[in-house]
Amino acid sequence: MKRLLNDALNNVISLGVVVVVLFLIIPLPTALLDFLLIINIGISIMILMITMNIKETLEFSIFPSLLLITTLFRLGLNISSTRSILKTGYAGEVIQNFGRLITGGNIIVGVVIFLIIVLVQFIVITKGAERVAEVAARFTLDAMPGKQMAIDADLSSGLINEKEARIRRGKIQKEADFYGAMDGATKIVKGDAVMSLLITLINFVGGVIIGGVMGGEAFSVVLQKYSIVTIGDGLVSQLPALMISTATGMIVTRSVSEGSLNKDVVGQFKGQPRAILATGIILIFLGCIPNTPHIPLLLGGGVLVVGGYMISSKMKKQAAVPEIEEPAQQEEPQTENDYYKDINNVYSLLTVEPIEMEFGYSLIPMVDEGHGGKLISRIVIFRRQYAQDMGFVFPSIRLHDAAALGTNQYVIRIRGEEVARGEILVDYYLALEPSNPLGEIDGIETVEPAYGIPSRWILPENKEMAEIYGYNVIDPLSVMLTHLSETIKRHAYELLNRAETIQLVENLKTSQPELVEETVPNIISYSVLEKVLRNLLKENVPIKDLGTIVESLADALSQGRDLDTATEQVRGALARTITRRFCEDGQIRVVTLDAEVEKKIISSLTRNEQGVYLAMGADLMQLIVSQMAEQIRKFSELGQTPIVLINQVIRGYFSRMITQFYPNVYVLSFNEITNDVQIQAIGNISFEGAVQSERKAAEI
């Protein structure tokens, strides 16, 4: 029973709407009709009060739906009252008393007053609310992209976090939905006003016909009887409709308000004491002119003058407080040298930004959102995508101009040091040259900054022709963003610090608290975990599966493994992740090492107090480096990333050695590739290969 009662309470609105629809069919007793008419008036007053006291429109986001329900409720009561009026000429005490109140014994006056109320409702309030809602909906939708970009800019600059950004984006979406709904809801208000006029006309004409023809009463009696109830019925329905229409206009004009309507009106009028004083003086002047209503004008003007004077005096007292304190606050040095005399101020120069990007003068519009710049929003998208792929959120990027750079240049710095530099032409497109272009295109020869591909800057009108010739055409913003993203990927391991490591562990604690409590920092210190994560990021291995990393690292360290061996064990645990990253179409193309070469490398491993390192001879290193160059050309022809497949024992040492010469080569071990992948060896590094290379060189 209790459960049924709770379900009924939870669905009270739905049940109420069904009951309201039934009002259109089922006759209501006059006593119940009187009660419901008073409820209707009370609800409309309550809605009007709410719209006047809210600060933001979303505080009353149910208004569009509520407007439909109240309109349906009002029409249901109107139809019920019409049935009673046409049937008996009486629709309850509420309608009868309102009719007598408005007519005041004179039917003509009552009709005129009623028509004025209806016209004010229809022409002024309803029409104005409809137009305001239409404009507000259009402007809100047009402003959505700019608001989204502002949120992305605040997020990228670190002013807000991801949670706050989601809340603000949700609020923008709700505002757009609300104003869109209000645009349609105002049409309901307009239709309700038209319907009220029609029902009033039907009540009057129908009542006169029924009373005169069917009832056999005198025309004057019929006219008096049905005029009162018709005007009363129209007034009872128009008063709630008038308040609902006013509430509609109120709620769609709250976009620039900072508080409730009462607070805003009082506060903003109090902020203009001169206007109040001027108005009071003008009224007093008019009161002194002969044949004007002297007492009302002088009384009203005197009240305004006194009120304006009191408000002005209060504002002057409040403004005097900061003037007294101002000399004490102006203690900052006036010159740069004076500022840095204080040794504490010198420490502000020691701050190093994790990532910086400096721009020449011509590139500022690409960054400035006020001029339509989209770099910040594109960076936000890249940060989110990189976090999803790699499990690491790189810090905010500080963007600023630099007078020392050329107008078309930009510089990327990691921890204060320059790591990349580029130059782009804002009004051009970059066309990447294919291996066999179908034609020649005019342009300024250059090199694509991220990958070093031969390219040329072309005019926009040559873009289509360049694409026909096989060139890959890129806009300047994408060129700069690609360079930035590739630079961040290369140096992501440098951006991972102790604070970020702790943050990643805290994030893991929310999903796997037992694992974190058991291992960090009892078995794995934060410094060790940071080094392992850096090693993984340095070789482009995602750290998103932090639970697997922590678990396998804890197992390795508990077995007494050193850090390099523990890292290799972690990589083995991430075999699926590594395979997915480098596998294409179920297969992975690699270069392998000959067994004799691997033995030579293993024998070159040397241990000292600092650990194990690779002490490879110059001949062996030359053999590997020279043959590797030939193998990389094969990968370039296939358009794939160069991968070397090697024994797990020497994988880490070989990777550190080969990336000194070829940074874009990835070194994997056999246990990092899952069994369901087909391995295709497209080359092999061996001693015989070195001999063949020497013969080719001699023949040339």
# chains A, B, ... in the order shown; residues from 1 in each chain; ligands from 1

call {"tool": "residues_around", "arguments": {"residues": "Ile39 of chain A", "least_positions_apart": "2", "cutoff": "12 Å", "atoms": "only C-alpha atoms", "output": "list of chain:residue names"}}
result
A:Leu32, A:Leu33, A:Asp34, A:Phe35, A:Leu36, A:Leu37, A:Ile41, A:Gly42, A:Ile43, A:Ser44, A:Ile45, A:Met46, A:Thr70, A:Phe73, A:Arg74, A:Leu77, A:Val94, A:Val236, A:Ser237, A:Pro240

call {"tool": "write_last_selection", "arguments": {"atoms": "N, CA and C atoms", "output": "PDB file, in the first residue's frame"}}
result
ATOM      1  N   LEU A  32     -17.121  22.643  -7.185  1.00  0.00           N
ATOM      2  CA  LEU A  32     -15.769  22.210  -7.560  1.00  0.00           C
ATOM      3  C   LEU A  32     -15.161  23.176  -8.566  1.00  0.00           C
ATOM      4  N   LEU A  33     -15.986  23.694  -9.486  1.00  0.00           N
ATOM      5  CA  LEU A  33     -15.494  24.645 -10.478  1.00  0.00           C
ATOM      6  C   LEU A  33     -14.998  25.926  -9.804  1.00  0.00           C
ATOM      7  N   ASP A  34     -15.729  26.407  -8.782  1.00  0.00           N
ATOM      8  CA  ASP A  34     -15.282  27.586  -8.038  1.00  0.00           C
ATOM      9  C   ASP A  34     -13.920  27.351  -7.396  1.00  0.00           C
ATOM     10  N   PHE A  35     -13.760  26.190  -6.784  1.00  0.00           N
ATOM     11  CA  PHE A  35     -12.498  25.860  -6.107  1.00  0.00           C
ATOM     12  C   PHE A  35     -11.332  25.797  -7.107  1.00  0.00           C
ATOM     13  N   LEU A  36     -11.573  25.151  -8.238  1.00  0.00           N
ATOM     14  CA  LEU A  36     -10.503  25.006  -9.238  1.00  0.00           C
ATOM     15  C   LEU A  36     -10.149  26.340  -9.882  1.00  0.00           C
ATOM     16  N   LEU A  37     -11.121  27.230 -10.037  1.00  0.00           N
ATOM     17  CA  LEU A  37     -10.824  28.555 -10.592  1.00  0.00           C
ATOM     18  C   LEU A  37      -9.924  29.352  -9.648  1.00  0.00           C
ATOM     19  N   ILE A  41      -6.036  30.719 -10.366  1.00  0.00           N
ATOM     20  CA  ILE A  41      -5.537  32.072 -10.112  1.00  0.00           C
ATOM     21  C   ILE A  41      -4.327  32.032  -9.193  1.00  0.00           C
ATOM     22  N   GLY A  42      -4.379  31.188  -8.146  1.00  0.00           N
ATOM     23  CA  GLY A  42      -3.250  31.079  -7.211  1.00  0.00           C
ATOM     24  C   GLY A  42      -1.992  30.568  -7.875  1.00  0.00           C
ATOM     25  N   ILE A  43      -2.142  29.555  -8.748  1.00  0.00           N
ATOM     26  CA  ILE A  43      -0.970  29.011  -9.456  1.00  0.00           C
ATOM     27  C   ILE A  43      -0.340  30.065 -10.353  1.00  0.00           C
ATOM     28  N   SER A  44      -1.143  30.839 -11.048  1.00  0.00           N
ATOM     29  CA  SER A  44      -0.607  31.869 -11.948  1.00  0.00           C
ATOM     30  C   SER A  44       0.132  32.953 -11.160  1.00  0.00           C
ATOM     31  N   ILE A  45      -0.403  33.339  -9.981  1.00  0.00           N
ATOM     32  CA  ILE A  45       0.301  34.320  -9.145  1.00  0.00           C
ATOM     33  C   ILE A  45       1.631  33.753  -8.670  1.00  0.00           C
ATOM     34  N   MET A  46       1.624  32.479  -8.266  1.00  0.00           N
ATOM     35  CA  MET A  46       2.853  31.840  -7.790  1.00  0.00           C
ATOM     36  C   MET A  46       3.920  31.805  -8.886  1.00  0.00           C
ATOM     37  N   THR A  70      -0.503  24.589 -17.519  1.00  0.00           N
ATOM     38  CA  THR A  70      -1.430  25.598 -16.988  1.00  0.00           C
ATOM     39  C   THR A  70      -2.402  26.086 -18.062  1.00  0.00           C
ATOM     40  N   PHE A  73      -4.961  23.423 -18.367  1.00  0.00           N
ATOM     41  CA  PHE A  73      -5.820  23.480 -17.179  1.00  0.00           C
ATOM     42  C   PHE A  73      -6.843  24.613 -17.311  1.00  0.00           C
ATOM     43  N   ARG A  74      -6.358  25.770 -17.756  1.00  0.00           N
ATOM     44  CA  ARG A  74      -7.227  26.929 -17.892  1.00  0.00           C
ATOM     45  C   ARG A  74      -8.288  26.698 -18.971  1.00  0.00           C
ATOM     46  N   LEU A  77     -10.997  24.326 -17.632  1.00  0.00           N
ATOM     47  CA  LEU A  77     -11.959  25.023 -16.773  1.00  0.00           C
ATOM     48  C   LEU A  77     -12.871  25.922 -17.593  1.00  0.00           C
ATOM     49  N   VAL A  94     -17.825  32.320  -8.142  1.00  0.00           N
ATOM     50  CA  VAL A  94     -16.598  33.033  -8.530  1.00  0.00           C
ATOM     51  C   VAL A  94     -16.827  33.815  -9.818  1.00  0.00           C
ATOM     52  N   VAL A 236     -12.162  35.709 -15.308  1.00  0.00           N
ATOM     53  CA  VAL A 236     -11.542  34.657 -14.493  1.00  0.00           C
ATOM     54  C   VAL A 236     -10.476  33.905 -15.288  1.00  0.00           C
ATOM     55  N   SER A 237     -10.702  33.747 -16.592  1.00  0.00           N
ATOM     56  CA  SER A 237      -9.705  33.053 -17.417  1.00  0.00           C
ATOM     57  C   SER A 237      -8.594  33.992 -17.877  1.00  0.00           C
ATOM     58  N   PRO A 240      -5.537  34.881 -14.927  1.00  0.00           N
ATOM     59  CA  PRO A 240      -4.385  33.943 -14.902  1.00  0.00           C
ATOM     60  C   PRO A 240      -3.578  33.987 -16.193  1.00  0.00           C
TER      61      PRO A 240
END

call {"tool": "residues_around", "arguments": {"residues": "Ile632 of chain A", "least_positions_apart": "4", "cutoff": "12 Å", "atoms": "only C-alpha atoms", "output": "list in words"}}
result
Arg589, Val590, Val591, Val625, Ser626, Gln627, Met628, Ser636, Glu637, Leu638, Gly639, Gln640, Thr641, Pro642, Ile643, Val644, Phe661, Tyr662, Pro663, Asn664, Val665, Tyr666, Ile682, Gly683, Asn684 and Ile685 of chain A

call {"tool": "write_last_selection", "arguments": {"atoms": "C-alpha atoms", "output": "compact mmCIF listing (two decimals), in the first residue's frame"}}
result
# COMPACT_ATOMS: atom_id res chain seq x y z
CA ARG A 589 56.13 -5.49 -40.37
CA VAL A 590 59.51 -5.53 -38.62
CA VAL A 591 63.25 -5.69 -39.07
CA VAL A 625 73.63 1.88 -38.06
CA SER A 626 74.53 1.56 -41.75
CA GLN A 627 72.18 -1.37 -42.38
CA MET A 628 69.42 0.30 -40.40
CA SER A 636 59.29 4.75 -45.96
CA GLU A 637 58.18 3.16 -49.23
CA LEU A 638 55.46 1.27 -47.34
CA GLY A 639 54.45 4.38 -45.43
CA GLN A 640 54.83 2.63 -42.06
CA THR A 641 56.68 3.23 -38.80
CA PRO A 642 60.11 1.53 -38.66
CA ILE A 643 60.07 -1.28 -36.05
CA VAL A 644 62.93 -3.50 -34.93
CA PHE A 661 70.75 7.93 -34.70
CA TYR A 662 67.14 7.28 -35.75
CA PRO A 663 64.67 8.85 -33.27
CA ASN A 664 61.61 7.56 -35.16
CA VAL A 665 62.56 3.88 -34.90
CA TYR A 666 60.67 1.76 -32.34
CA ILE A 682 60.90 -7.21 -44.33
CA GLY A 683 64.62 -7.05 -43.50
CA ASN A 684 67.41 -8.48 -41.40
CA ILE A 685 70.55 -6.93 -39.94

call {"tool": "closest_residue", "arguments": {"among": "A:Ala241, A:Leu349, A:Ala165, A:Ile79", "to": "Pro27 of chain A", "atoms": "only C-alpha atoms"}}
result
A:Ile79

call {"tool": "select_by_dssp", "arguments": {"residues": "segment 356-472 of chain A", "states": "strand (DSSP E)", "output": "PyMOL selection string"}}
result
chain A and resi 356-359+397-401+409-414+417-423+429-432+444-447+454-458+472

call {"tool": "write_last_selection", "arguments": {"atoms": "N, CA, C and O atoms", "output": "short mmCIF file (atom, residue, chain, number, x, y, z; two decimals), in the first residue's frame"}}
result
data_model
loop_
_atom_site.label_atom_id
_atom_site.label_comp_id
_atom_site.auth_asym_id
_atom_site.auth_seq_id
_atom_site.Cartn_x
_atom_site.Cartn_y
_atom_site.Cartn_z
N GLU A 356 55.71 26.15 -23.48
CA GLU A 356 55.49 27.51 -23.95
C GLU A 356 55.45 27.52 -25.47
O GLU A 356 56.12 26.71 -26.13
N MET A 357 54.69 28.44 -26.01
CA MET A 357 54.68 28.63 -27.46
C MET A 357 54.68 30.12 -27.73
O MET A 357 53.79 30.84 -27.28
N GLU A 358 55.71 30.59 -28.43
CA GLU A 358 55.85 32.00 -28.74
C GLU A 358 55.55 32.23 -30.22
O GLU A 358 55.86 31.38 -31.07
N PHE A 359 54.95 33.38 -30.52
CA PHE A 359 54.50 33.66 -31.87
C PHE A 359 55.03 35.00 -32.35
O PHE A 359 55.20 35.94 -31.57
N ILE A 397 49.42 25.00 -21.86
CA ILE A 397 50.45 25.61 -22.70
C ILE A 397 50.34 27.12 -22.58
O ILE A 397 49.26 27.68 -22.75
N ARG A 398 51.44 27.77 -22.26
CA ARG A 398 51.45 29.23 -22.17
C ARG A 398 51.71 29.80 -23.56
O ARG A 398 52.73 29.51 -24.18
N LEU A 399 50.76 30.58 -24.05
CA LEU A 399 50.84 31.16 -25.39
C LEU A 399 51.08 32.66 -25.26
O LEU A 399 50.35 33.35 -24.53
N HIS A 400 52.09 33.18 -25.94
CA HIS A 400 52.35 34.62 -25.90
C HIS A 400 53.17 35.03 -27.11
O HIS A 400 53.82 34.21 -27.77
N ASP A 401 53.14 36.32 -27.41
CA ASP A 401 53.90 36.83 -28.55
C ASP A 401 55.34 37.11 -28.13
O ASP A 401 55.66 37.20 -26.95
N GLN A 409 57.18 33.50 -37.62
CA GLN A 409 57.84 32.40 -36.91
C GLN A 409 57.12 32.07 -35.61
O GLN A 409 56.41 32.90 -35.04
N TYR A 410 57.34 30.85 -35.14
CA TYR A 410 56.88 30.43 -33.81
C TYR A 410 57.93 29.50 -33.21
O TYR A 410 58.69 28.85 -33.93
N VAL A 411 57.96 29.46 -31.91
CA VAL A 411 58.93 28.65 -31.18
C VAL A 411 58.19 27.86 -30.10
O VAL A 411 57.30 28.39 -29.43
N ILE A 412 58.55 26.60 -29.93
CA ILE A 412 57.98 25.74 -28.88
C ILE A 412 59.09 25.47 -27.86
O ILE A 412 60.19 25.04 -28.23
N ARG A 413 58.79 25.73 -26.60
CA ARG A 413 59.76 25.52 -25.53
C ARG A 413 59.23 24.49 -24.53
O ARG A 413 58.05 24.50 -24.19
N ILE A 414 60.11 23.64 -24.08
CA ILE A 414 59.82 22.68 -23.02
C ILE A 414 60.70 23.04 -21.83
O ILE A 414 61.92 23.05 -21.93
N GLU A 417 63.34 25.80 -22.48
CA GLU A 417 64.33 25.64 -23.54
C GLU A 417 63.65 25.34 -24.87
O GLU A 417 62.68 24.59 -24.94
N GLU A 418 64.17 25.95 -25.93
CA GLU A 418 63.60 25.75 -27.25
C GLU A 418 63.85 24.34 -27.74
O GLU A 418 64.98 23.84 -27.73
N VAL A 419 62.78 23.67 -28.20
CA VAL A 419 62.90 22.31 -28.73
C VAL A 419 62.42 22.23 -30.17
O VAL A 419 62.69 21.24 -30.86
N ALA A 420 61.69 23.24 -30.64
CA ALA A 420 61.20 23.22 -32.02
C ALA A 420 60.94 24.65 -32.47
O ALA A 420 60.63 25.53 -31.66
N ARG A 421 61.05 24.84 -33.76
CA ARG A 421 60.83 26.16 -34.34
C ARG A 421 60.25 25.97 -35.74
O ARG A 421 60.59 25.00 -36.44
N GLY A 422 59.38 26.86 -36.15
CA GLY A 422 58.78 26.76 -37.47
C GLY A 422 58.42 28.13 -38.01
O GLY A 422 58.45 29.14 -37.30
N GLU A 423 58.07 28.14 -39.27
CA GLU A 423 57.66 29.38 -39.93
C GLU A 423 56.52 29.05 -40.89
O GLU A 423 56.63 28.12 -41.69
N TYR A 429 48.59 28.07 -48.29
CA TYR A 429 48.39 26.68 -47.90
C TYR A 429 49.71 25.94 -48.09
O TYR A 429 50.50 26.27 -48.99
N LEU A 430 49.94 24.92 -47.24
CA LEU A 430 51.15 24.12 -47.38
C LEU A 430 50.82 22.86 -48.18
O LEU A 430 49.95 22.07 -47.78
N ALA A 431 51.51 22.67 -49.30
CA ALA A 431 51.29 21.50 -50.15
C ALA A 431 52.46 20.54 -49.98
O ALA A 431 53.60 20.87 -50.31
N LEU A 432 52.18 19.34 -49.43
CA LEU A 432 53.21 18.33 -49.23
C LEU A 432 53.44 17.60 -50.55
O LEU A 432 52.50 17.05 -51.14
N ILE A 444 56.29 28.61 -52.86
CA ILE A 444 57.55 28.88 -52.16
C ILE A 444 58.02 27.58 -51.53
O ILE A 444 57.35 27.01 -50.67
N GLU A 445 59.18 27.11 -51.94
CA GLU A 445 59.70 25.83 -51.44
C GLU A 445 60.05 25.94 -49.96
O GLU A 445 60.61 26.94 -49.50
N THR A 446 59.72 24.87 -49.21
CA THR A 446 60.01 24.82 -47.78
C THR A 446 60.02 23.37 -47.35
O THR A 446 59.97 22.45 -48.18
N VAL A 447 60.07 23.15 -46.04
CA VAL A 447 60.05 21.80 -45.47
C VAL A 447 58.98 21.78 -44.39
O VAL A 447 58.93 22.68 -43.54
N PRO A 454 59.46 17.52 -47.86
CA PRO A 454 59.59 18.64 -48.81
C PRO A 454 58.20 19.16 -49.20
O PRO A 454 57.31 18.39 -49.54
N SER A 455 58.03 20.45 -49.15
CA SER A 455 56.71 21.06 -49.38
C SER A 455 56.89 22.40 -50.05
O SER A 455 58.01 22.86 -50.29
N ARG A 456 55.78 23.06 -50.28
CA ARG A 456 55.82 24.42 -50.80
C ARG A 456 54.54 25.14 -50.39
O ARG A 456 53.46 24.54 -50.32
N TRP A 457 54.69 26.43 -50.11
CA TRP A 457 53.55 27.28 -49.78
C TRP A 457 52.90 27.75 -51.07
O TRP A 457 53.56 28.31 -51.94
N ILE A 458 51.61 27.51 -51.18
CA ILE A 458 50.89 27.86 -52.41
C ILE A 458 49.75 28.83 -52.07
O ILE A 458 49.26 28.88 -50.94
N ASN A 472 49.24 16.82 -50.93
CA ASN A 472 48.40 16.86 -49.73
C ASN A 472 48.43 18.29 -49.20
O ASN A 472 49.46 18.76 -48.72
#

call {"tool": "atom_distance", "arguments": {"atom1": "atom CA of Gln622 of chain A", "atom2": "atom CA of Arg607 of chain A"}}
result
22.8 Å

call {"tool": "closest_residue", "arguments": {"among": "A:Tyr428, A:Phe582, A:Tyr309, A:Phe63", "to": "Ile251 of chain A", "atoms": "only C-alpha atoms"}}
result
A:Phe63

call {"tool": "decode", "arguments": {"residues": "segment 476-550 of chain A", "atoms": "C-alpha atoms", "output": "JSON list (two decimals), in the first residue's frame"}}
result
[["chain", "number", "residue", "atom", "x", "y", "z"],
["A", 476, "PRO", "CA", 48.49, 26.98, -41.82],
["A", 477, "LEU", "CA", 46.76, 26.35, -38.47],
["A", 478, "SER", "CA", 46.88, 22.58, -38.98],
["A", 479, "VAL", "CA", 50.58, 22.82, -39.88],
["A", 480, "MET", "CA", 51.37, 24.61, -36.64],
["A", 481, "LEU", "CA", 49.13, 22.37, -34.52],
["A", 482, "THR", "CA", 50.63, 19.21, -36.04],
["A", 483, "HIS", "CA", 54.13, 20.47, -35.24],
["A", 484, "LEU", "CA", 53.05, 21.26, -31.68],
["A", 485, "SER", "CA", 51.35, 17.89, -31.16],
["A", 486, "GLU", "CA", 54.31, 15.91, -32.50],
["A", 487, "THR", "CA", 56.66, 17.92, -30.30],
["A", 488, "ILE", "CA", 54.53, 17.20, -27.23],
["A", 489, "LYS", "CA", 54.43, 13.50, -28.09],
["A", 490, "ARG", "CA", 58.24, 13.40, -28.39],
["A", 491, "HIS", "CA", 58.78, 15.20, -25.09],
["A", 492, "ALA", "CA", 55.81, 13.90, -23.09],
["A", 493, "TYR", "CA", 58.14, 11.93, -20.79],
["A", 494, "GLU", "CA", 59.83, 15.21, -19.78],
["A", 495, "LEU", "CA", 56.47, 16.73, -18.83],
["A", 496, "LEU", "CA", 55.61, 13.90, -16.43],
["A", 497, "ASN", "CA", 56.71, 15.05, -12.99],
["A", 498, "ARG", "CA", 56.22, 13.89, -9.42],
["A", 499, "ALA", "CA", 53.01, 15.87, -8.92],
["A", 500, "GLU", "CA", 51.45, 14.38, -12.05],
["A", 501, "THR", "CA", 52.51, 10.88, -10.95],
["A", 502, "ILE", "CA", 50.80, 11.37, -7.60],
["A", 503, "GLN", "CA", 47.70, 12.65, -9.41],
["A", 504, "LEU", "CA", 47.62, 9.54, -11.61],
["A", 505, "VAL", "CA", 47.90, 7.33, -8.52],
["A", 506, "GLU", "CA", 45.09, 9.22, -6.80],
["A", 507, "ASN", "CA", 42.95, 8.72, -9.89],
["A", 508, "LEU", "CA", 43.73, 4.99, -9.84],
["A", 509, "LYS", "CA", 42.78, 4.88, -6.17],
["A", 510, "THR", "CA", 39.16, 5.66, -7.06],
["A", 511, "SER", "CA", 38.83, 2.45, -9.13],
["A", 512, "GLN", "CA", 41.40, 0.12, -7.50],
["A", 513, "PRO", "CA", 41.92, 1.32, -3.91],
["A", 514, "GLU", "CA", 43.18, -2.06, -2.63],
["A", 515, "LEU", "CA", 45.94, -2.24, -5.25],
["A", 516, "VAL", "CA", 47.18, 1.28, -4.50],
["A", 517, "GLU", "CA", 47.05, 0.74, -0.73],
["A", 518, "GLU", "CA", 49.11, -2.45, -1.02],
["A", 519, "THR", "CA", 51.77, -1.22, -3.48],
["A", 520, "VAL", "CA", 52.19, 2.57, -3.38],
["A", 521, "PRO", "CA", 54.37, 3.67, -1.68],
["A", 522, "ASN", "CA", 54.99, 0.45, 0.33],
["A", 523, "ILE", "CA", 56.52, -1.52, -2.56],
["A", 524, "ILE", "CA", 56.76, 1.09, -5.31],
["A", 525, "SER", "CA", 57.97, 4.56, -4.41],
["A", 526, "TYR", "CA", 56.65, 7.51, -6.35],
["A", 527, "SER", "CA", 60.11, 8.18, -7.77],
["A", 528, "VAL", "CA", 60.43, 4.63, -9.14],
["A", 529, "LEU", "CA", 56.92, 4.74, -10.61],
["A", 530, "GLU", "CA", 57.69, 8.10, -12.20],
["A", 531, "LYS", "CA", 60.85, 6.71, -13.86],
["A", 532, "VAL", "CA", 59.00, 3.69, -15.25],
["A", 533, "LEU", "CA", 56.16, 5.82, -16.60],
["A", 534, "ARG", "CA", 58.69, 8.15, -18.19],
["A", 535, "ASN", "CA", 60.44, 5.19, -19.84],
["A", 536, "LEU", "CA", 57.13, 4.03, -21.30],
["A", 537, "LEU", "CA", 56.14, 7.47, -22.59],
["A", 538, "LYS", "CA", 59.58, 8.00, -24.07],
["A", 539, "GLU", "CA", 58.99, 4.98, -26.34],
["A", 540, "ASN", "CA", 55.39, 5.96, -27.09],
["A", 541, "VAL", "CA", 53.83, 3.24, -24.94],
["A", 542, "PRO", "CA", 50.46, 4.31, -23.41],
["A", 543, "ILE", "CA", 50.25, 4.42, -19.61],
["A", 544, "LYS", "CA", 46.45, 4.45, -19.56],
["A", 545, "ASP", "CA", 46.27, 0.97, -18.01],
["A", 546, "LEU", "CA", 47.96, 2.18, -14.83],
["A", 547, "GLY", "CA", 46.54, -0.68, -12.77],
["A", 548, "THR", "CA", 48.37, -3.29, -14.88],
["A", 549, "ILE", "CA", 51.55, -1.19, -14.77],
["A", 550, "VAL", "CA", 51.51, -0.89, -10.98]]
